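Colleague: Below is one structure. I have some questions about it.
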Amino acid sequence: SEFRQHVRAMGLKPDARLDVYFPPDGSNAEASANARANLLAWLQHKATKETPALIVVDTMVRLVLVKEINSYAELTKALTPIIALARTTGAAVILVHHAGKGTERSGVDVVLGSQAIAGSCDNVFVVSRTDEGLHTLQTIQRIGKDLPETVLDMHDTTGLIDASKSVEEVRIEKVGEKIFELLTASGPEGLSVSDIAHAVDMEDAQVRERVYKFLRDQRAMSNIAEVGEGRARRYY
C-alpha cells in the first residue's frame, strides 16, 4: 500500500515487522459498530502477543468510543485501557487527534475536547501551520523540557522530517534575507535604519527585535559593517 511504501522509504528495514489494520469504512453501519466495539480488545490481544515497539492510532476517536468528546468522565474511562495497554506491553502509543478551532488556544488547551485527553498523555505533540505557511511542531511534556515551536521540513524523497530550527530562527532568517537584498541594492551608500524600516514592518515590536538581532549577529560575524551612531548610523 501507499502507506507501507512511505514508511519503508523513511528507512524502515525490509525485515522489520509492520502491521496495518483498517477497520470497516462505515458503509455497513452494523459491521462498523461491531468492529469498533471489538477493536480495543483486538488491539490489546495483538499487542500482548506481538509486543510491538510502537502503536499508532489514527485517529483516536476511531478507537475510543465516547458519545461526548468534552466529557471528562467519559474520556478518562475510555483512555484508561489505552494507558494500561502501553504499560503492560511496553509499547509507545501515539494517538492522533485534532486540535480545537481558535487561534487564542495555547498549551494543552489546543487539544479538541476534554482536558482528560491531554491529562492522560505523557507528551502532547502539537503540529500546526502558521499564517506564513510554516509547518511547526511543539511539545508539552510531563517529563523533560518542552520543545519550543519548531519548523518542520519534509525531505522530498524519503519523507523524513527535519526539525532543527525554531520558528523564531526562521523568521529572523527571512528578515535577514530581506535586509541582505536591500544592502546589495544600496551599493556603496549603505542603509540607514529608516531605510530598513520602510522595507520591513518595524512598527511591529517582534519584527523590530528580529531586525536588531540580525544586525547585531551579522556585525559580530563581520558580515556587515556599522558606521555612525543613532539616526545617522548606516550599514554596509
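Residues in the C-alpha cells are named by chain (A, B, ... in the order shown) and by number from 1 within that chain; ligands are numbered from 1 in the order shown.
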Would you list the contacts of Val211 in chain A as number ranges by chain, taking every protein, DNA or RNA residue within 8 Å and counting only C-alpha atoms, but skipping same-chain residues closer than 2 positions in sequence?

Modeller: A: 172, 175-176, 202, 207-209, 213-215

Colleague: Considering only C-alpha atoms, tabulate each residue of range 169-190 of chain A that lies at most 12 Å from range 131-153 of chain A along with its nearest interatomic pair and the corresponding distance in Å to one decimal; arrange the rows by chain and ascending residue number and present them as a tab-separated table.

Modeller:
```
residue	atom	partner	partner_atom	distance
A:Glu169	CA	A:Thr150	CA	9.0
A:Val170	CA	A:Val151	CA	7.7
A:Arg171	CA	A:Glu132	CA	9.7
A:Lys174	CA	A:Glu132	CA	11.0
```

Colleague: Could you write those residues out with N, CA, C and O atoms, as a compact mmCIF listing (two decimals), in the first residue's frame?

Modeller:
```txt
# COMPACT_ATOMS: atom_id res chain seq x y z
N GLU A 169 13.85 31.49 14.78
CA GLU A 169 15.07 31.47 13.98
C GLU A 169 14.76 31.62 12.49
O GLU A 169 15.45 32.36 11.76
N VAL A 170 13.72 30.94 12.03
CA VAL A 170 13.35 31.03 10.61
C VAL A 170 12.86 32.44 10.28
O VAL A 170 13.17 32.99 9.22
N ARG A 171 12.10 33.04 11.18
CA ARG A 171 11.60 34.40 10.94
C ARG A 171 12.74 35.41 10.90
O ARG A 171 12.72 36.35 10.10
N LYS A 174 14.36 35.08 7.54
CA LYS A 174 13.61 35.73 6.47
C LYS A 174 13.81 37.25 6.49
O LYS A 174 13.92 37.89 5.45
```

Colleague: For the atom pair CA of Glu68 in chain A and CA of Leu39 in chain A, what is the interatomic distance in Å to one decimal place?

Modeller: 19.2 Å

Colleague: Taking into account only C-alpha atoms, which residue in the set A:Asp109, A:Glu74, A:Asp58, A:Asp201 is nearest to Ile94 in chain A?

Modeller: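 Closest to Ile94 in chain A of all the choices is A:Asp58.
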
Colleague: Considering only C-alpha atoms, state which residue in the set A:Tyr236, A:Phe22, A:Trp42, A:Tyr212 is at the smallest distance from Ser192 in chain A.

Modeller: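 Of the candidates, the smallest distance to Ser192 in chain A is held by A:Tyr236.
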
Colleague: If DSSP is run on the backbone, what residues of range 176-219 of chain A are helix (DSSP H, G or I)? A reply as a ChimeraX atom specification would be ideal.

Modeller: /A:176-189,193-199,205-219

Colleague: Here is a test: counting only C-alpha atoms, which residue of A:Ala92, A:Val66, A:Ile224, A:Val108 is nearest to Thr184 in chain A?

Modeller: A:Ile224

Colleague: Could you tell me how far CA of Val96 in chain A lies from CA of Thr157 in chain A, in Å and to one decimal?

Modeller: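 Taking CA of Val96 in chain A as the start and CA of Thr157 in chain A as the end point, the length is 24.0 Å.
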
Colleague: Between CA of Tyr235 in chain A and CA of Leu191 in chain A, what distance in Å does the model show, to one decimal?

Modeller: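 Interatomic distance, CA of Tyr235 in chain A to CA of Leu191 in chain A: 5.1 Å.
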